[in-house]
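Everything below concerns the one structure shown next.
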Amino acid sequence: MAMLFWMVVLTCSCGVVISGNIEVPECEPPDYPQWGGYGPRQDVYLAGDVIHYYCDTDTYIGGNFYRRCEDTGDWIGHTPVCDPPSRFSFVNQTTTADPAGMNDAEKAADALRDSCTSTKEGPDNYWMGMLTTPGQLFRVMIFLPKVNVAYEVLMLKQNGQEISCGKKEGFVDNLNWEFHNCPEPNNTDVIGVKIRSLSAEPLKLCEVVAHTLTFPTCMDPHVRIENGRLQLNRKAAILNCDAGYTRSPSTRIECVRTGIWNRKNLYCMERQWETGNNDGISDTDP
Ligand SMILES: *[C@@H]1O[C@H](CO)[C@@H](O)[C@H](O)[C@H]1NC(C)=O
Ligand SMILES: *[C@@H]1O[C@H](CO)[C@@H](O)[C@H](O)[C@H]1NC(C)=O
C-alpha cells in the first residue's frame, strides 16, 4: 500500500507511470470553473479517462462539457466557465388587477423558481428588466409554469432598438428552463431584456435569467501548475494548491483585455515544518 502511494506521488510530477515496460500517460486533476465542478474526482487520471463539468443552479456552462486525458498528460480542450446570472438593477411589467404585492415583477428575478408573476392579459403586455451592467447578451433562460405560453424575448439596446432572441409558443408540460440564444452580431450594447406576450392569455413567468459578457472577457489561460490548480471565471483565475502546499505571493491572474491575461508567476510551494515560537516571535508580530 505504501509502495503504491509513493509511486503515485513520484509520478505526478513527470506525467507518466512506468510499470514494467509499458508507459501509461496520466493527467493531474484539471482546472475547474468557479460556481461549478467536475466528476469523477480522482487523485490521478490515466490517458483516455473522461471527466464532465457541471455548473451550480442557475449558472450555465460556457465551453466544453467533457474533457479527455490525452497521451501528452494534458486535458484536451479548454476549461469551461460557469456564467452566473447577470443582475437586473430594475424590473417592471404591465401588471394584472392583482394587488402589486401579490404579483410583483420582482418574482421573476428573485432566484426562486416557485414564485411566479403574471402580466395583464392580452398581447403586447410585457415583463422587462434592465441590466446592472450592459454588455453582450448571449442567452436568456426562462423558467415557466405548466401553462400555455406565447411570448417573444427581446433585447433592449442602448440605441433604442429591440431585437428578437426568439419566441416560444405552446404548452409547457415539464418544468424546465427554456433557452433563448441571442444572435450575434446584434447582441452587443444590450441594456435590458423584455419578454413580450404574443397571446390573449396573461404572460406567466417564474424566473428570467440573462447571461451577458461584460468586457474584458478571457478563456482558459492554460497555465500548468505543479501541485495546484486554477479556479476560473471569465475575468480571473485563482490559484488553489494541493494539501501540504502553500500559494505563491501572487494568487491570481486577471483578464486585462479581451483574450489577454496579466502575467503573474503562480506556483505552489511545499509547506515547511512549523518551527514554533521558540525564537520568541509571536503570531501577532508583523
Ligand atoms: C417600465 O420601465 C421602463 C423604463 O423605465 C418604462 O419605459 C416603462 O414604461 C415601464 N413599464 C411599466 C409597465 O411600468
Ligand atoms: C443585425 O446585424 C446585421 C449586421 O450588422 C444587420 O444587417 C441587421 O439589420 C441587424 N438586424 C436587426 C434586426 O437589427
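The chains in the C-alpha cells are called A, B, ... from first to last as shown; in each chain the residues are counted from 1, and the ligands are counted from 1 in the order shown.
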
Nearby residues, ligand 2, 7 Å, only C-alpha atoms and all ligand atoms, as a list of chain:residue names: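 Using only C-alpha atoms and all ligand atoms, I find these residues within 7 Å of ligand 2: A:Ile163, A:Pro185, A:Asn186.
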
May I have the selected residues written with C-alpha atoms, as a compact mmCIF listing (two decimals), in the first residue's frame?
# COMPACT_ATOMS: atom_id res chain seq x y z
CA ILE A 163 -34.10 42.82 -31.37
CA PRO A 185 -23.60 40.35 -34.10
CA ASN A 186 -26.65 42.28 -32.92

Shell around A:Val50 at 9 Å using only C-alpha atoms, local window under 2 positions removed, as a PyMOL selection string: chain A and resi 39-40+45+47-48+52+66-69

Nearby residues, ligand 1, 8 Å, only C-alpha atoms and all ligand atoms, as a PDB file with all heavy atoms, in the first residue's frame:
ATOM      1  N   PHE A  90     -33.318  46.836 -12.160  1.00  0.00           N
ATOM      2  CA  PHE A  90     -34.686  47.337 -12.114  1.00  0.00           C
ATOM      3  C   PHE A  90     -35.544  46.416 -12.972  1.00  0.00           C
ATOM      4  O   PHE A  90     -35.138  46.050 -14.069  1.00  0.00           O
ATOM      5  CB  PHE A  90     -34.643  48.767 -12.665  1.00  0.00           C
ATOM      6  CG  PHE A  90     -35.962  49.319 -13.074  1.00  0.00           C
ATOM      7  CD1 PHE A  90     -36.836  49.858 -12.143  1.00  0.00           C
ATOM      8  CD2 PHE A  90     -36.341  49.315 -14.413  1.00  0.00           C
ATOM      9  CE1 PHE A  90     -38.050  50.382 -12.533  1.00  0.00           C
ATOM     10  CE2 PHE A  90     -37.551  49.841 -14.812  1.00  0.00           C
ATOM     11  CZ  PHE A  90     -38.414  50.376 -13.867  1.00  0.00           C
ATOM     12  N   VAL A  91     -36.692  46.006 -12.464  1.00  0.00           N
ATOM     13  CA  VAL A  91     -37.631  45.213 -13.267  1.00  0.00           C
ATOM     14  C   VAL A  91     -39.026  45.814 -13.140  1.00  0.00           C
ATOM     15  O   VAL A  91     -39.359  46.403 -12.112  1.00  0.00           O
ATOM     16  CB  VAL A  91     -37.669  43.721 -12.832  1.00  0.00           C
ATOM     17  CG1 VAL A  91     -36.344  43.037 -13.044  1.00  0.00           C
ATOM     18  CG2 VAL A  91     -38.130  43.562 -11.396  1.00  0.00           C
ATOM     19  N   ASN A  92     -39.829  45.673 -14.174  1.00  0.00           N
ATOM     20  CA  ASN A  92     -41.238  46.045 -14.071  1.00  0.00           C
ATOM     21  C   ASN A  92     -42.039  45.231 -15.079  1.00  0.00           C
ATOM     22  O   ASN A  92     -41.484  44.440 -15.847  1.00  0.00           O
ATOM     23  CB  ASN A  92     -41.438  47.562 -14.209  1.00  0.00           C
ATOM     24  CG  ASN A  92     -41.194  48.073 -15.614  1.00  0.00           C
ATOM     25  OD1 ASN A  92     -40.997  47.296 -16.553  1.00  0.00           O
ATOM     26  ND2 ASN A  92     -41.214  49.388 -15.773  1.00  0.00           N
ATOM     27  N   GLN A  93     -43.334  45.414 -15.065  1.00  0.00           N
ATOM     28  CA  GLN A  93     -44.186  44.693 -16.008  1.00  0.00           C
ATOM     29  C   GLN A  93     -45.523  45.407 -16.105  1.00  0.00           C
ATOM     30  O   GLN A  93     -45.861  46.244 -15.263  1.00  0.00           O
ATOM     31  CB  GLN A  93     -44.407  43.264 -15.533  1.00  0.00           C
ATOM     32  CG  GLN A  93     -45.221  43.191 -14.252  1.00  0.00           C
ATOM     33  CD  GLN A  93     -45.446  41.767 -13.787  1.00  0.00           C
ATOM     34  OE1 GLN A  93     -45.033  40.833 -14.429  1.00  0.00           O
ATOM     35  NE2 GLN A  93     -46.116  41.622 -12.665  1.00  0.00           N
ATOM     36  N   THR A  94     -46.267  45.074 -17.123  1.00  0.00           N
ATOM     37  CA  THR A  94     -47.649  45.534 -17.191  1.00  0.00           C
ATOM     38  C   THR A  94     -48.427  44.563 -16.298  1.00  0.00           C
ATOM     39  O   THR A  94     -48.443  43.361 -16.546  1.00  0.00           O
ATOM     40  CB  THR A  94     -48.156  45.484 -18.642  1.00  0.00           C
ATOM     41  OG1 THR A  94     -47.818  44.228 -19.206  1.00  0.00           O
ATOM     42  CG2 THR A  94     -47.523  46.578 -19.480  1.00  0.00           C
ATOM     43  N   THR A  95     -48.980  45.073 -15.238  1.00  0.00           N
ATOM     44  CA  THR A  95     -49.484  44.199 -14.174  1.00  0.00           C
ATOM     45  C   THR A  95     -50.899  43.691 -14.427  1.00  0.00           C
ATOM     46  O   THR A  95     -51.588  44.162 -15.312  1.00  0.00           O
ATOM     47  CB  THR A  95     -49.500  44.954 -12.830  1.00  0.00           C
ATOM     48  OG1 THR A  95     -50.226  46.148 -13.034  1.00  0.00           O
ATOM     49  CG2 THR A  95     -48.101  45.254 -12.374  1.00  0.00           C
ATOM     50  N   TYR A 126     -46.021  42.985 -21.246  1.00  0.00           N
ATOM     51  CA  TYR A 126     -44.625  42.550 -21.146  1.00  0.00           C
ATOM     52  C   TYR A 126     -44.109  42.572 -19.717  1.00  0.00           C
ATOM     53  O   TYR A 126     -44.690  43.204 -18.837  1.00  0.00           O
ATOM     54  CB  TYR A 126     -43.733  43.433 -22.023  1.00  0.00           C
ATOM     55  CG  TYR A 126     -43.743  44.894 -21.614  1.00  0.00           C
ATOM     56  CD1 TYR A 126     -42.898  45.347 -20.591  1.00  0.00           C
ATOM     57  CD2 TYR A 126     -44.598  45.800 -22.221  1.00  0.00           C
ATOM     58  CE1 TYR A 126     -42.913  46.674 -20.210  1.00  0.00           C
ATOM     59  CE2 TYR A 126     -44.618  47.138 -21.835  1.00  0.00           C
ATOM     60  CZ  TYR A 126     -43.776  47.570 -20.828  1.00  0.00           C
ATOM     61  OH  TYR A 126     -43.809  48.875 -20.438  1.00  0.00           O
ATOM     62  N   TRP A 127     -42.996  41.867 -19.569  1.00  0.00           N
ATOM     63  CA  TRP A 127     -42.154  41.944 -18.367  1.00  0.00           C
ATOM     64  C   TRP A 127     -40.820  42.484 -18.854  1.00  0.00           C
ATOM     65  O   TRP A 127     -40.360  42.091 -19.938  1.00  0.00           O
ATOM     66  CB  TRP A 127     -41.968  40.541 -17.784  1.00  0.00           C
ATOM     67  CG  TRP A 127     -41.098  40.487 -16.556  1.00  0.00           C
ATOM     68  CD1 TRP A 127     -41.524  40.485 -15.265  1.00  0.00           C
ATOM     69  CD2 TRP A 127     -39.669  40.421 -16.502  1.00  0.00           C
ATOM     70  NE1 TRP A 127     -40.454  40.419 -14.404  1.00  0.00           N
ATOM     71  CE2 TRP A 127     -39.290  40.378 -15.149  1.00  0.00           C
ATOM     72  CE3 TRP A 127     -38.647  40.398 -17.465  1.00  0.00           C
ATOM     73  CZ2 TRP A 127     -37.969  40.320 -14.717  1.00  0.00           C
ATOM     74  CZ3 TRP A 127     -37.322  40.340 -17.045  1.00  0.00           C
ATOM     75  CH2 TRP A 127     -36.994  40.297 -15.681  1.00  0.00           C
ATOM     76  N   MET A 128     -40.203  43.364 -18.146  1.00  0.00           N
ATOM     77  CA  MET A 128     -38.870  43.802 -18.567  1.00  0.00           C
ATOM     78  C   MET A 128     -37.924  43.999 -17.395  1.00  0.00           C
ATOM     79  O   MET A 128     -38.348  44.249 -16.262  1.00  0.00           O
ATOM     80  CB  MET A 128     -38.925  45.053 -19.432  1.00  0.00           C
ATOM     81  CG  MET A 128     -39.425  46.303 -18.764  1.00  0.00           C
ATOM     82  SD  MET A 128     -39.306  47.700 -19.909  1.00  0.00           S
ATOM     83  CE  MET A 128     -37.705  48.293 -19.462  1.00  0.00           C
ATOM     84  N   MET A 130     -33.916  45.748 -16.543  1.00  0.00           N
ATOM     85  CA  MET A 130     -32.750  46.498 -17.001  1.00  0.00           C
ATOM     86  C   MET A 130     -31.501  45.912 -16.328  1.00  0.00           C
ATOM     87  O   MET A 130     -31.505  45.662 -15.122  1.00  0.00           O
ATOM     88  CB  MET A 130     -32.868  47.983 -16.632  1.00  0.00           C
ATOM     89  CG  MET A 130     -34.116  48.663 -17.179  1.00  0.00           C
ATOM     90  SD  MET A 130     -34.291  48.532 -18.977  1.00  0.00           S
ATOM     91  CE  MET A 130     -33.057  49.711 -19.513  1.00  0.00           C
TER      92      MET A 130
END

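You can rank A:Asn125, A:Thr117, A:Thr79, A:Asn159 by their closest distance to A:Pro99 using only C-alpha atoms, and at the top of that list sits A:Thr117.
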
Distance query A:Leu213 at most 8 Å, only C-alpha atoms, self and fewer than 6 positions along chain excluded, as a list of chain:residue names: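 So, after excluding close chain neighbours, the residues are A:Gly135, A:Gln136, A:Leu137, A:Phe138.
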
For the residues selected in the previous step, produce a file with C-alpha atoms as a PDB file, in the first residue's frame.
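Output file out-v9.pdb is given in full below:
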ATOM      1  CA  GLY A 135     -22.980  44.054 -22.229  1.00  0.00           C
ATOM      2  CA  GLN A 136     -23.219  41.389 -24.888  1.00  0.00           C
ATOM      3  CA  LEU A 137     -26.346  39.372 -24.156  1.00  0.00           C
ATOM      4  CA  PHE A 138     -25.866  35.829 -25.315  1.00  0.00           C
TER       5      PHE A 138
END

Can you pull out the residues contacting stretch 216-220 of chain A? Cut-off 8 Å, using only C-alpha atoms, and skip same-chain residues under 5 positions away; I want them as a PDB file with N, CA and C atoms, in the first residue's frame.
ATOM      1  N   HIS A  78     -10.449  23.298 -23.595  1.00  0.00           N
ATOM      2  CA  HIS A  78     -10.342  24.355 -22.589  1.00  0.00           C
ATOM      3  C   HIS A  78     -11.170  24.032 -21.359  1.00  0.00           C
ATOM      4  N   THR A  79     -10.756  24.582 -20.238  1.00  0.00           N
ATOM      5  CA  THR A  79     -11.584  24.509 -19.039  1.00  0.00           C
ATOM      6  C   THR A  79     -12.811  25.395 -19.273  1.00  0.00           C
ATOM      7  N   PRO A  80     -14.001  24.862 -19.101  1.00  0.00           N
ATOM      8  CA  PRO A  80     -15.179  25.716 -19.309  1.00  0.00           C
ATOM      9  C   PRO A  80     -15.371  26.674 -18.133  1.00  0.00           C
ATOM     10  N   LEU A 232     -11.459  29.044 -12.366  1.00  0.00           N
ATOM     11  CA  LEU A 232     -11.598  30.051 -13.423  1.00  0.00           C
ATOM     12  C   LEU A 232     -12.976  30.663 -13.521  1.00  0.00           C
ATOM     13  N   ARG A 234     -14.587  34.158 -16.227  1.00  0.00           N
ATOM     14  CA  ARG A 234     -14.183  34.867 -17.442  1.00  0.00           C
ATOM     15  C   ARG A 234     -13.275  36.057 -17.168  1.00  0.00           C
ATOM     16  N   LYS A 235     -13.099  36.400 -15.886  1.00  0.00           N
ATOM     17  CA  LYS A 235     -12.322  37.593 -15.527  1.00  0.00           C
ATOM     18  C   LYS A 235     -11.055  37.285 -14.736  1.00  0.00           C
ATOM     19  N   CYS A 255      -7.960  38.970 -16.171  1.00  0.00           N
ATOM     20  CA  CYS A 255      -8.186  39.258 -17.575  1.00  0.00           C
ATOM     21  C   CYS A 255      -8.106  40.777 -17.734  1.00  0.00           C
ATOM     22  N   VAL A 256      -7.077  41.260 -18.426  1.00  0.00           N
ATOM     23  CA  VAL A 256      -6.872  42.710 -18.504  1.00  0.00           C
ATOM     24  C   VAL A 256      -7.459  43.320 -19.772  1.00  0.00           C
ATOM     25  N   ARG A 257      -7.441  42.544 -20.846  1.00  0.00           N
ATOM     26  CA  ARG A 257      -8.103  42.945 -22.084  1.00  0.00           C
ATOM     27  C   ARG A 257      -8.701  41.684 -22.659  1.00  0.00           C
ATOM     28  N   THR A 258      -9.671  41.801 -23.536  1.00  0.00           N
ATOM     29  CA  THR A 258     -10.312  40.596 -24.045  1.00  0.00           C
ATOM     30  C   THR A 258      -9.272  39.639 -24.626  1.00  0.00           C
ATOM     31  N   GLY A 259      -9.265  38.423 -24.098  1.00  0.00           N
ATOM     32  CA  GLY A 259      -8.325  37.394 -24.552  1.00  0.00           C
ATOM     33  C   GLY A 259      -6.934  37.505 -23.965  1.00  0.00           C
ATOM     34  N   ILE A 260      -6.679  38.488 -23.098  1.00  0.00           N
ATOM     35  CA  ILE A 260      -5.322  38.699 -22.559  1.00  0.00           C
ATOM     36  C   ILE A 260      -5.313  38.709 -21.035  1.00  0.00           C
ATOM     37  N   TRP A 261      -4.540  37.782 -20.482  1.00  0.00           N
ATOM     38  CA  TRP A 261      -4.371  37.697 -19.029  1.00  0.00           C
ATOM     39  C   TRP A 261      -3.120  38.468 -18.642  1.00  0.00           C
TER      40      TRP A 261
END

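Across the structure, atom CA of A:Pro123 and atom CA of A:Ser197 are spaced 5.0 Å apart.
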